[in-house]
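Have a look at final_33.cif; it's mmCIF, C-alpha atoms and all ligand atoms:
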```cif
data_final
#
loop_
_atom_site.group_PDB
_atom_site.id
_atom_site.type_symbol
_atom_site.label_atom_id
_atom_site.label_comp_id
_atom_site.auth_asym_id
_atom_site.auth_seq_id
_atom_site.Cartn_x
_atom_site.Cartn_y
_atom_site.Cartn_z
ATOM 1 C CA MET A 250 0.000 0.000 0.000
ATOM 2 C CA THR A 251 1.467 3.349 -1.036
ATOM 3 C CA ILE A 252 1.057 6.485 1.058
ATOM 4 C CA LEU A 253 -1.381 7.751 -1.563
ATOM 5 C CA ASP A 254 -3.558 4.655 -1.087
ATOM 6 C CA LYS A 255 -3.496 5.280 2.653
ATOM 7 C CA ILE A 256 -4.467 8.927 2.254
ATOM 8 C CA VAL A 257 -7.348 8.065 -0.096
ATOM 9 C CA ALA A 258 -8.629 5.281 2.170
ATOM 10 C CA HIS A 259 -8.555 7.605 5.163
ATOM 11 C CA LYS A 260 -10.182 10.398 3.168
ATOM 12 C CA LYS A 261 -13.175 8.271 2.191
ATOM 13 C CA ILE A 262 -13.862 7.430 5.826
ATOM 14 C CA GLU A 263 -13.378 11.052 6.848
ATOM 15 C CA VAL A 264 -15.791 12.355 4.190
ATOM 16 C CA ALA A 265 -18.438 9.792 5.137
ATOM 17 C CA ALA A 266 -18.232 11.045 8.732
ATOM 18 C CA ARG A 267 -18.364 14.729 7.718
ATOM 19 C CA LYS A 268 -21.514 14.124 5.685
ATOM 20 C CA GLU A 269 -23.242 12.863 8.810
ATOM 21 C CA ILE A 270 -22.417 16.042 10.692
ATOM 22 C CA LEU A 271 -23.047 18.593 7.941
ATOM 23 C CA THR A 272 -25.473 17.893 5.092
ATOM 24 C CA VAL A 273 -25.142 19.293 1.576
ATOM 25 C CA ALA A 274 -28.058 21.608 2.396
ATOM 26 C CA ASP A 275 -26.094 22.863 5.432
ATOM 27 C CA LEU A 276 -23.111 23.611 3.192
ATOM 28 C CA GLN A 277 -25.309 25.406 0.677
ATOM 29 C CA SER A 278 -26.710 27.669 3.358
ATOM 30 C CA ARG A 279 -23.282 28.964 4.437
ATOM 31 C CA PRO A 280 -22.827 32.635 3.491
ATOM 32 C CA LEU A 281 -19.656 32.067 1.421
ATOM 33 C CA PHE A 282 -21.403 29.488 -0.759
ATOM 34 C CA ASP A 283 -22.813 32.322 -2.869
ATOM 35 C CA LYS A 284 -19.521 34.171 -3.291
ATOM 36 C CA GLU A 285 -18.584 34.585 -6.950
ATOM 37 C CA PRO A 286 -15.281 32.733 -7.509
ATOM 38 C CA VAL A 287 -12.247 34.659 -8.790
ATOM 39 C CA SER A 288 -10.730 33.300 -12.015
ATOM 40 C CA ALA A 289 -7.503 31.423 -11.238
ATOM 41 C CA LYS A 290 -6.855 31.095 -14.938
ATOM 42 C CA ALA A 291 -6.953 34.884 -15.341
ATOM 43 C CA TRP A 292 -4.740 35.609 -12.315
ATOM 44 C CA ILE A 293 -2.189 32.876 -12.935
ATOM 45 C CA GLY A 294 -2.135 33.274 -16.706
ATOM 46 C CA SER A 295 -1.774 37.061 -16.602
ATOM 47 C CA PRO A 296 1.517 38.284 -18.109
ATOM 48 C CA THR A 297 1.598 41.159 -15.611
ATOM 49 C CA LYS A 298 1.411 38.903 -12.562
ATOM 50 C CA SER A 299 4.026 36.686 -10.880
ATOM 51 C CA GLY A 300 2.382 33.327 -11.538
ATOM 52 C CA ILE A 301 3.396 32.197 -8.060
ATOM 53 C CA ILE A 302 0.840 30.016 -6.271
ATOM 54 C CA ALA A 303 2.027 30.295 -2.697
ATOM 55 C CA GLU A 304 1.061 27.453 -0.410
ATOM 56 C CA PHE A 305 0.254 27.197 3.290
ATOM 57 C CA LYS A 306 1.429 23.758 4.432
ATOM 58 C CA ARG A 307 2.317 22.898 8.034
ATOM 59 C CA GLN A 308 3.507 19.352 7.481
ATOM 60 C CA SER A 309 3.603 16.649 4.832
ATOM 61 C CA PRO A 310 4.107 12.894 4.689
ATOM 62 C CA SER A 311 7.391 13.383 2.828
ATOM 63 C CA LYS A 312 8.892 16.131 5.002
ATOM 64 C CA GLY A 313 7.213 15.732 8.401
ATOM 65 C CA LEU A 314 6.804 19.017 10.284
ATOM 66 C CA ILE A 315 7.611 22.017 8.083
ATOM 67 C CA ASN A 316 6.241 24.895 10.164
ATOM 68 C CA GLY A 317 4.379 24.536 13.442
ATOM 69 C CA THR A 318 4.096 28.189 14.368
ATOM 70 C CA ALA A 319 3.103 30.312 11.336
ATOM 71 C CA LYS A 320 -0.389 31.827 11.533
ATOM 72 C CA VAL A 321 -2.414 31.253 8.384
ATOM 73 C CA SER A 322 -3.988 34.734 8.325
ATOM 74 C CA ASP A 323 -0.555 36.429 8.617
ATOM 75 C CA VAL A 324 0.857 34.220 5.881
ATOM 76 C CA ALA A 325 -2.161 34.714 3.591
ATOM 77 C CA GLU A 326 -1.991 38.475 3.964
ATOM 78 C CA GLY A 327 1.758 38.411 3.354
ATOM 79 C CA TYR A 328 1.469 36.225 0.256
ATOM 80 C CA PHE A 329 -1.086 38.643 -1.180
ATOM 81 C CA LYS A 330 1.110 41.670 -0.428
ATOM 82 C CA ALA A 331 4.109 39.833 -1.875
ATOM 83 C CA GLY A 332 2.287 39.629 -5.211
ATOM 84 C CA ALA A 333 1.331 35.955 -5.320
ATOM 85 C CA SER A 334 -1.074 35.184 -8.189
ATOM 86 C CA ALA A 335 -2.937 32.624 -6.105
ATOM 87 C CA MET A 336 -2.790 30.831 -2.784
ATOM 88 C CA SER A 337 -2.988 27.136 -2.008
ATOM 89 C CA VAL A 338 -4.312 26.012 1.361
ATOM 90 C CA LEU A 339 -3.938 22.399 2.451
ATOM 91 C CA THR A 340 -7.169 21.361 4.156
ATOM 92 C CA ASP A 341 -6.231 17.736 4.867
ATOM 93 C CA GLN A 342 -5.789 17.330 8.598
ATOM 94 C CA GLU A 343 -4.524 13.799 9.047
ATOM 95 C CA PHE A 344 -1.472 13.953 6.783
ATOM 96 C CA PHE A 345 -0.876 17.680 6.218
ATOM 97 C CA GLY A 346 -2.119 19.254 9.469
ATOM 98 C CA GLY A 347 -4.528 21.592 7.669
ATOM 99 C CA THR A 348 -8.237 22.345 8.172
ATOM 100 C CA VAL A 349 -11.118 23.979 6.345
ATOM 101 C CA ASP A 350 -10.826 26.736 8.955
ATOM 102 C CA ASP A 351 -7.356 27.531 7.567
ATOM 103 C CA LEU A 352 -8.928 28.234 4.201
ATOM 104 C CA LEU A 353 -11.650 30.352 5.812
ATOM 105 C CA ALA A 354 -8.989 32.353 7.644
ATOM 106 C CA ALA A 355 -7.017 32.886 4.432
ATOM 107 C CA ARG A 356 -10.189 33.865 2.595
ATOM 108 C CA SER A 357 -11.029 36.533 5.131
ATOM 109 C CA VAL A 358 -7.770 38.418 4.466
ATOM 110 C CA SER A 359 -6.869 37.676 0.838
ATOM 111 C CA PRO A 360 -8.576 38.530 -2.463
ATOM 112 C CA VAL A 361 -6.342 36.275 -4.601
ATOM 113 C CA PRO A 362 -7.813 33.055 -6.016
ATOM 114 C CA ILE A 363 -7.529 30.322 -3.384
ATOM 115 C CA ILE A 364 -7.293 26.636 -4.192
ATOM 116 C CA ARG A 365 -8.604 24.019 -1.807
ATOM 117 C CA LYS A 366 -5.682 21.615 -1.684
ATOM 118 C CA ASP A 367 -6.992 18.255 -0.646
ATOM 119 C CA PHE A 368 -7.569 14.761 -1.923
ATOM 120 C CA ILE A 369 -10.962 15.029 -3.554
ATOM 121 C CA VAL A 370 -12.651 11.653 -3.754
ATOM 122 C CA ASP A 371 -16.281 12.719 -3.377
ATOM 123 C CA GLU A 372 -18.544 15.458 -4.810
ATOM 124 C CA TYR A 373 -19.337 16.507 -1.260
ATOM 125 C CA GLN A 374 -15.828 17.960 -0.905
ATOM 126 C CA ILE A 375 -16.381 20.156 -3.956
ATOM 127 C CA ILE A 376 -19.569 21.627 -2.523
ATOM 128 C CA GLU A 377 -17.718 22.055 0.766
ATOM 129 C CA ALA A 378 -14.908 23.878 -1.066
ATOM 130 C CA LYS A 379 -17.458 26.317 -2.490
ATOM 131 C CA SER A 380 -19.003 26.800 0.958
ATOM 132 C CA ILE A 381 -15.696 27.937 2.483
ATOM 133 C CA GLY A 382 -14.958 30.430 -0.292
ATOM 134 C CA ALA A 383 -12.497 28.473 -2.442
ATOM 135 C CA ASP A 384 -12.154 29.701 -6.040
ATOM 136 C CA PHE A 385 -10.656 26.580 -7.548
ATOM 137 C CA ILE A 386 -10.056 22.977 -6.635
ATOM 138 C CA LEU A 387 -7.392 20.362 -7.145
ATOM 139 C CA LEU A 388 -8.167 17.050 -8.808
ATOM 140 C CA ILE A 389 -5.327 14.542 -8.566
ATOM 141 C CA ALA A 390 -5.303 12.099 -11.482
ATOM 142 C CA ALA A 391 -3.325 9.539 -9.456
ATOM 143 C CA CYS A 392 -6.191 9.017 -7.031
ATOM 144 C CA LEU A 393 -9.182 9.159 -9.403
ATOM 145 C CA THR A 394 -10.514 7.221 -12.365
ATOM 146 C CA PRO A 395 -10.771 9.290 -15.573
ATOM 147 C CA LYS A 396 -14.548 9.093 -15.222
ATOM 148 C CA GLU A 397 -14.404 10.543 -11.718
ATOM 149 C CA SER A 398 -12.045 13.372 -12.735
ATOM 150 C CA LYS A 399 -14.363 14.424 -15.535
ATOM 151 C CA GLN A 400 -17.467 14.164 -13.388
ATOM 152 C CA TYR A 401 -15.892 16.171 -10.542
ATOM 153 C CA ALA A 402 -14.627 18.801 -12.981
ATOM 154 C CA ALA A 403 -18.181 19.246 -14.260
ATOM 155 C CA VAL A 404 -19.481 19.602 -10.695
ATOM 156 C CA ALA A 405 -16.889 22.311 -9.973
ATOM 157 C CA ARG A 406 -17.659 24.139 -13.192
ATOM 158 C CA ASN A 407 -21.401 24.080 -12.455
ATOM 159 C CA LEU A 408 -20.587 25.777 -9.158
ATOM 160 C CA GLY A 409 -18.502 28.402 -10.976
ATOM 161 C CA MET A 410 -15.173 27.104 -9.667
ATOM 162 C CA GLN A 411 -12.161 26.314 -11.816
ATOM 163 C CA VAL A 412 -10.193 23.079 -11.759
ATOM 164 C CA LEU A 413 -6.489 22.371 -11.576
ATOM 165 C CA LEU A 414 -5.866 18.834 -12.764
ATOM 166 C CA GLU A 415 -2.667 17.388 -11.316
ATOM 167 C CA VAL A 416 -0.765 14.835 -13.361
ATOM 168 C CA HIS A 417 2.621 13.203 -13.064
ATOM 169 C CA ASN A 418 2.997 11.497 -16.438
ATOM 170 C CA GLU A 419 1.652 11.429 -19.980
ATOM 171 C CA GLU A 420 -0.723 8.512 -19.393
ATOM 172 C CA GLU A 421 -2.491 10.394 -16.603
ATOM 173 C CA LEU A 422 -2.651 13.532 -18.716
ATOM 174 C CA ASN A 423 -4.171 11.820 -21.740
ATOM 175 C CA ALA A 424 -6.666 9.803 -19.735
ATOM 176 C CA HIS A 425 -7.936 12.583 -17.456
ATOM 177 C CA VAL A 426 -7.834 15.808 -19.431
ATOM 178 C CA ASP A 427 -11.283 17.299 -20.020
ATOM 179 C CA PRO A 428 -12.797 20.570 -21.320
ATOM 180 C CA CYS A 429 -14.285 21.264 -17.864
ATOM 181 C CA MET A 430 -10.741 21.713 -16.520
ATOM 182 C CA ASP A 431 -8.861 25.014 -16.641
ATOM 183 C CA LEU A 432 -5.305 24.517 -15.487
ATOM 184 C CA ILE A 433 -3.020 21.504 -15.749
ATOM 185 C CA GLY A 434 -0.452 21.047 -13.014
ATOM 186 C CA VAL A 435 2.527 18.796 -13.422
ATOM 187 C CA ASN A 436 3.614 17.550 -10.025
ATOM 188 C CA ASN A 437 7.372 17.231 -9.953
ATOM 189 C CA ARG A 438 6.930 15.064 -6.871
ATOM 190 C CA ASN A 439 5.917 11.472 -7.480
ATOM 191 C CA LEU A 440 3.206 10.966 -4.842
ATOM 192 C CA LYS A 441 4.013 7.262 -4.705
ATOM 193 C CA THR A 442 7.780 7.513 -4.147
ATOM 194 C CA PHE A 443 8.208 11.196 -3.117
ATOM 195 C CA GLU A 444 11.012 11.626 -5.642
ATOM 196 C CA VAL A 445 11.153 15.212 -6.932
ATOM 197 C CA SER A 446 12.483 16.317 -10.308
ATOM 198 C CA ILE A 447 11.785 19.494 -12.299
ATOM 199 C CA GLU A 448 12.549 17.403 -15.395
ATOM 200 C CA THR A 449 9.024 15.983 -15.072
ATOM 201 C CA SER A 450 7.570 19.400 -15.901
ATOM 202 C CA LYS A 451 9.969 19.921 -18.784
ATOM 203 C CA ALA A 452 9.163 16.544 -20.322
ATOM 204 C CA LEU A 453 5.396 16.965 -20.134
ATOM 205 C CA ALA A 454 5.124 20.618 -21.175
ATOM 206 C CA GLU A 455 4.616 20.087 -24.884
ATOM 207 C CA LYS A 456 1.989 17.397 -24.314
ATOM 208 C CA ILE A 457 -0.370 19.793 -22.534
ATOM 209 C CA PRO A 458 -2.930 21.362 -24.893
ATOM 210 C CA ASN A 459 -2.570 25.140 -25.145
ATOM 211 C CA GLU A 460 -6.051 26.003 -23.905
ATOM 212 C CA PHE A 461 -4.945 25.035 -20.386
ATOM 213 C CA VAL A 462 -2.774 27.224 -18.184
ATOM 214 C CA LYS A 463 0.332 25.187 -17.376
ATOM 215 C CA VAL A 464 1.410 24.957 -13.760
ATOM 216 C CA SER A 465 4.575 23.371 -12.389
ATOM 217 C CA GLU A 466 4.240 22.008 -8.857
ATOM 218 C CA SER A 467 6.697 21.059 -6.112
ATOM 219 C CA GLY A 468 10.417 21.284 -5.555
ATOM 220 C CA ILE A 469 10.710 24.854 -6.858
ATOM 221 C CA SER A 470 13.308 26.625 -4.745
ATOM 222 C CA ASN A 471 14.995 29.285 -6.848
ATOM 223 C CA ILE A 472 14.453 31.910 -9.510
ATOM 224 C CA GLU A 473 16.440 29.892 -12.059
ATOM 225 C CA ASN A 474 13.837 27.095 -11.820
ATOM 226 C CA ILE A 475 11.127 29.615 -12.718
ATOM 227 C CA LYS A 476 13.043 31.218 -15.577
ATOM 228 C CA GLU A 477 13.701 27.810 -17.076
ATOM 229 C CA LEU A 478 10.136 26.557 -16.634
ATOM 230 C CA LYS A 479 8.823 29.723 -18.302
ATOM 231 C CA THR A 480 10.703 28.802 -21.463
ATOM 232 C CA TYR A 481 8.660 25.576 -21.495
ATOM 233 C CA GLY A 482 5.404 27.534 -21.405
ATOM 234 C CA TYR A 483 4.675 27.330 -17.681
ATOM 235 C CA LYS A 484 2.694 30.273 -16.292
ATOM 236 C CA GLY A 485 2.017 28.985 -12.781
ATOM 237 C CA PHE A 486 4.505 27.875 -10.115
ATOM 238 C CA LEU A 487 3.278 26.176 -6.966
ATOM 239 C CA ILE A 488 5.647 26.771 -4.075
ATOM 240 C CA GLY A 489 5.125 25.416 -0.567
ATOM 241 C CA GLU A 490 8.117 24.261 1.401
ATOM 242 C CA ASN A 491 10.528 26.903 0.155
ATOM 243 C CA PHE A 492 8.380 29.555 1.876
ATOM 244 C CA MET A 493 6.907 27.513 4.722
ATOM 245 C CA LYS A 494 10.222 26.147 6.003
ATOM 246 C CA THR A 495 11.302 29.665 6.967
ATOM 247 C CA GLU A 496 10.274 31.367 10.179
ATOM 248 C CA ASN A 497 8.443 34.049 8.206
ATOM 249 C CA PRO A 498 6.848 32.543 5.059
ATOM 250 C CA ALA A 499 5.322 35.874 4.026
ATOM 251 C CA GLN A 500 8.736 37.575 4.068
ATOM 252 C CA ALA A 501 10.234 34.651 2.143
ATOM 253 C CA ALA A 502 7.571 35.131 -0.535
ATOM 254 C CA ILE A 503 8.194 38.893 -0.664
ATOM 255 C CA ASP A 504 11.948 38.302 -1.124
ATOM 256 C CA PHE A 505 11.393 35.589 -3.740
ATOM 257 C CA ILE A 506 8.764 37.352 -5.840
ATOM 258 C CA GLY A 507 10.753 40.578 -5.594
ATOM 259 C CA GLN A 508 13.565 38.919 -7.553
ATOM 260 C CA LEU A 509 11.337 37.839 -10.449
HETATM 261 O O1 LIG B 1 6.405 22.112 -0.955
HETATM 262 P P1 LIG B 1 6.689 22.090 -2.409
HETATM 263 O O2 LIG B 1 7.764 21.122 -2.781
HETATM 264 O O3 LIG B 1 6.971 23.474 -2.942
HETATM 265 O O4 LIG B 1 5.350 21.582 -3.149
HETATM 266 C C1 LIG B 1 4.159 22.322 -3.116
HETATM 267 C C2 LIG B 1 2.987 21.541 -3.721
HETATM 268 O O5 LIG B 1 3.279 21.306 -5.062
HETATM 269 C C3 LIG B 1 2.755 20.232 -2.970
HETATM 270 O O6 LIG B 1 2.422 20.553 -1.662
HETATM 271 C C4 LIG B 1 1.656 19.365 -3.600
HETATM 272 C C5 LIG B 1 1.463 19.171 -4.911
HETATM 273 N N1 LIG B 1 0.423 18.334 -5.115
HETATM 274 C C6 LIG B 1 -0.062 17.957 -3.947
HETATM 275 C C7 LIG B 1 -1.136 17.127 -3.641
HETATM 276 C C8 LIG B 1 -1.477 16.959 -2.335
HETATM 277 C C9 LIG B 1 -0.748 17.571 -1.326
HETATM 278 C C10 LIG B 1 0.329 18.399 -1.605
HETATM 279 C C11 LIG B 1 0.670 18.605 -2.919
#
```

Write the structure described by the file as structure tokens, please.
Ligand SMILES: O=P(O)(O)OC[C@@H](O)[C@@H](O)c1c[nH]c2ccccc12
Amino acid sequence: MTILDKIVAHKKIEVAARKEILTVADLQSRPLFDKEPVSAKAWIGSPTKSGIIAEFKRQSPSKGLINGTAKVSDVAEGYFKAGASAMSVLTDQEFFGGTVDDLLAARSVSPVPIIRKDFIVDEYQIIEAKSIGADFILLIAACLTPKESKQYAAVARNLGMQVLLEVHNEEELNAHVDPCMDLIGVNNRNLKTFEVSIETSKALAEKIPNEFVKVSESGISNIENIKELKTYGYKGFLIGENFMKTENPAQAAIDFIGQL
């Protein structure tokens, strides 16, 4: 059993329990459910913006504890002021130490498009994402069937949210890509082995159809990475650890984006 299998198995149990506590109707009656989502595609694809998707991540299965003290609202405000094009908030508690309240806290201080970063295995989580003010969602090809990815993308689109499809190889890309998706993210980290290589993004770039905004995810730690990835057509750059491992993630983002 890979870590990804474990996460997905745990997630299904967790979602079943959440549904018992909070019905879909409860989610739909939350005030943020009616908020008009901001276009991630527009913010991340804009030539006048940084393209940086700055992530709030306390811990991860591959790195253990990354930052146990940073306050999400301070970081979210700082990422916005730093000029991030979007923010990613991990909402998985068991493996990443995040919560839906983290996303709510980020939402209350930041106008940038926010992605709910979680392992979506049920439509309920998409409605929940809308109810906490997320603008776009992550669908991970490695933990879904192509049918599920397409179905979930349609659910998100019907709610006005955009979709970032995460792939790690050409097979996943070809099987899962769908017109209801908006951005394609290439994860440089293999979620099964945790190996990280920017080469993954370079190799897959030309396979991604041009109507999608291309995003490179994970293991980005310097400006040279970004400059190089831009030459391959990448517009979005998802950065977590490089900011979160510092004592002041917001300042790290300001320093980094300032050099672009
Ligand atoms: O911390 P990094 O190496 O900058 O990576 C960020 C982001 O890409 C990573 O957190 C991530 C990419 N896809 C995911 C799926 C689930 C959880 C986390 C992720």

*To one decimal place, how far is CA of Leu487 in chain A from CA of Pro310 in chain A in Å?*
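These atoms are spaced 17.7 Å apart.
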
Within 8 Å of ligand LIG 1 (chain B), which residues of chain A come that close, and what is the closest atom pair and distance in Å for each? Count only C-alpha atoms and all ligand atoms and give it as JSON lines.
```
{"residue": "A:Glu304", "atom": "CA", "partner": "B:LIG1", "partner_atom": "C1", "distance": 6.6}
{"residue": "A:Lys306", "atom": "CA", "partner": "B:LIG1", "partner_atom": "O6", "distance": 7.0}
{"residue": "A:Ser309", "atom": "CA", "partner": "B:LIG1", "partner_atom": "C10", "distance": 7.4}
{"residue": "A:Leu339", "atom": "CA", "partner": "B:LIG1", "partner_atom": "C9", "distance": 6.9}
{"residue": "A:Phe345", "atom": "CA", "partner": "B:LIG1", "partner_atom": "C9", "distance": 7.5}
{"residue": "A:Lys366", "atom": "CA", "partner": "B:LIG1", "partner_atom": "C8", "distance": 6.3}
{"residue": "A:Asp367", "atom": "CA", "partner": "B:LIG1", "partner_atom": "C8", "distance": 5.9}
{"residue": "A:Phe368", "atom": "CA", "partner": "B:LIG1", "partner_atom": "C8", "distance": 6.5}
{"residue": "A:Leu387", "atom": "CA", "partner": "B:LIG1", "partner_atom": "C7", "distance": 7.9}
{"residue": "A:Ile389", "atom": "CA", "partner": "B:LIG1", "partner_atom": "C7", "distance": 7.0}
{"residue": "A:Glu415", "atom": "CA", "partner": "B:LIG1", "partner_atom": "N1", "distance": 7.0}
{"residue": "A:Asn436", "atom": "CA", "partner": "B:LIG1", "partner_atom": "C5", "distance": 5.8}
{"residue": "A:Asn437", "atom": "CA", "partner": "B:LIG1", "partner_atom": "O5", "distance": 7.6}
{"residue": "A:Arg438", "atom": "CA", "partner": "B:LIG1", "partner_atom": "C5", "distance": 7.1}
{"residue": "A:Leu440", "atom": "CA", "partner": "B:LIG1", "partner_atom": "C7", "distance": 7.6}
{"residue": "A:Val445", "atom": "CA", "partner": "B:LIG1", "partner_atom": "O2", "distance": 8.0}
{"residue": "A:Ser465", "atom": "CA", "partner": "B:LIG1", "partner_atom": "O5", "distance": 7.7}
{"residue": "A:Glu466", "atom": "CA", "partner": "B:LIG1", "partner_atom": "O5", "distance": 4.0}
{"residue": "A:Ser467", "atom": "CA", "partner": "B:LIG1", "partner_atom": "O4", "distance": 3.3}
{"residue": "A:Gly468", "atom": "CA", "partner": "B:LIG1", "partner_atom": "O2", "distance": 3.8}
{"residue": "A:Ile469", "atom": "CA", "partner": "B:LIG1", "partner_atom": "O3", "distance": 5.6}
{"residue": "A:Ser470", "atom": "CA", "partner": "B:LIG1", "partner_atom": "O3", "distance": 7.3}
{"residue": "A:Leu487", "atom": "CA", "partner": "B:LIG1", "partner_atom": "O5", "distance": 5.2}
{"residue": "A:Ile488", "atom": "CA", "partner": "B:LIG1", "partner_atom": "O3", "distance": 3.7}
{"residue": "A:Gly489", "atom": "CA", "partner": "B:LIG1", "partner_atom": "O1", "distance": 3.6}
{"residue": "A:Glu490", "atom": "CA", "partner": "B:LIG1", "partner_atom": "O1", "distance": 3.6}
{"residue": "A:Asn491", "atom": "CA", "partner": "B:LIG1", "partner_atom": "O3", "distance": 5.8}
{"residue": "A:Phe492", "atom": "CA", "partner": "B:LIG1", "partner_atom": "O3", "distance": 7.9}
{"residue": "A:Met493", "atom": "CA", "partner": "B:LIG1", "partner_atom": "O1", "distance": 7.9}
```

*Can you list what the PyMOL selection byres (((chain A and resi 254) around 12) and not hetatm) grabs from this structure, as a list in words?*
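On this input, the PyMOL selection byres (((chain A and resi 254) around 12) and not hetatm) captures Met250, Thr251, Ile252, Leu253, Lys255, Ile256, Val257, Ala258, His259, Lys260, Lys261, Phe368, Val370, Ala391, Cys392, Leu393, Leu440 and Lys441 of chain A.
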
*Name every residue that the PyMOL selection byres (((chain A and resi 352) around 10) and not hetatm) selects in this structure, writing the answer as a ChimeraX atom specification with chains first and numbers rising.*
/A:305,321-322,325,336-340,347-351,353-357,363-366,378,381-383

*Between CA of Lys379 in chain A and CA of Thr272 in chain A, what is the spacing in Å?*
13.9 Å

*asked:* Under the rule that all atoms listed in the file are counted, which of A:Glu326, A:Glu372, A:Glu343, A:Glu444 is the nearest residue to Ala403 in chain A?
replied: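 Using all atoms listed in the file, the shortest distance to Ala403 in chain A belongs to A:Glu372.
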
_I'd like to know which of A:Gly485, A:Pro458, A:Gly346, A:Pro286 is closest to Ile386 in chain A, using only C-alpha atoms._
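Distance minimum relative to Ile386 in chain A lands on A:Pro286.
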
_Counting only C-alpha atoms, the option among A:Ile376, A:Val462, A:Leu422, A:Leu314 closest to Val404 in chain A_ =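 Ranked by minimum distance to Val404 in chain A, first place goes to A:Ile376.
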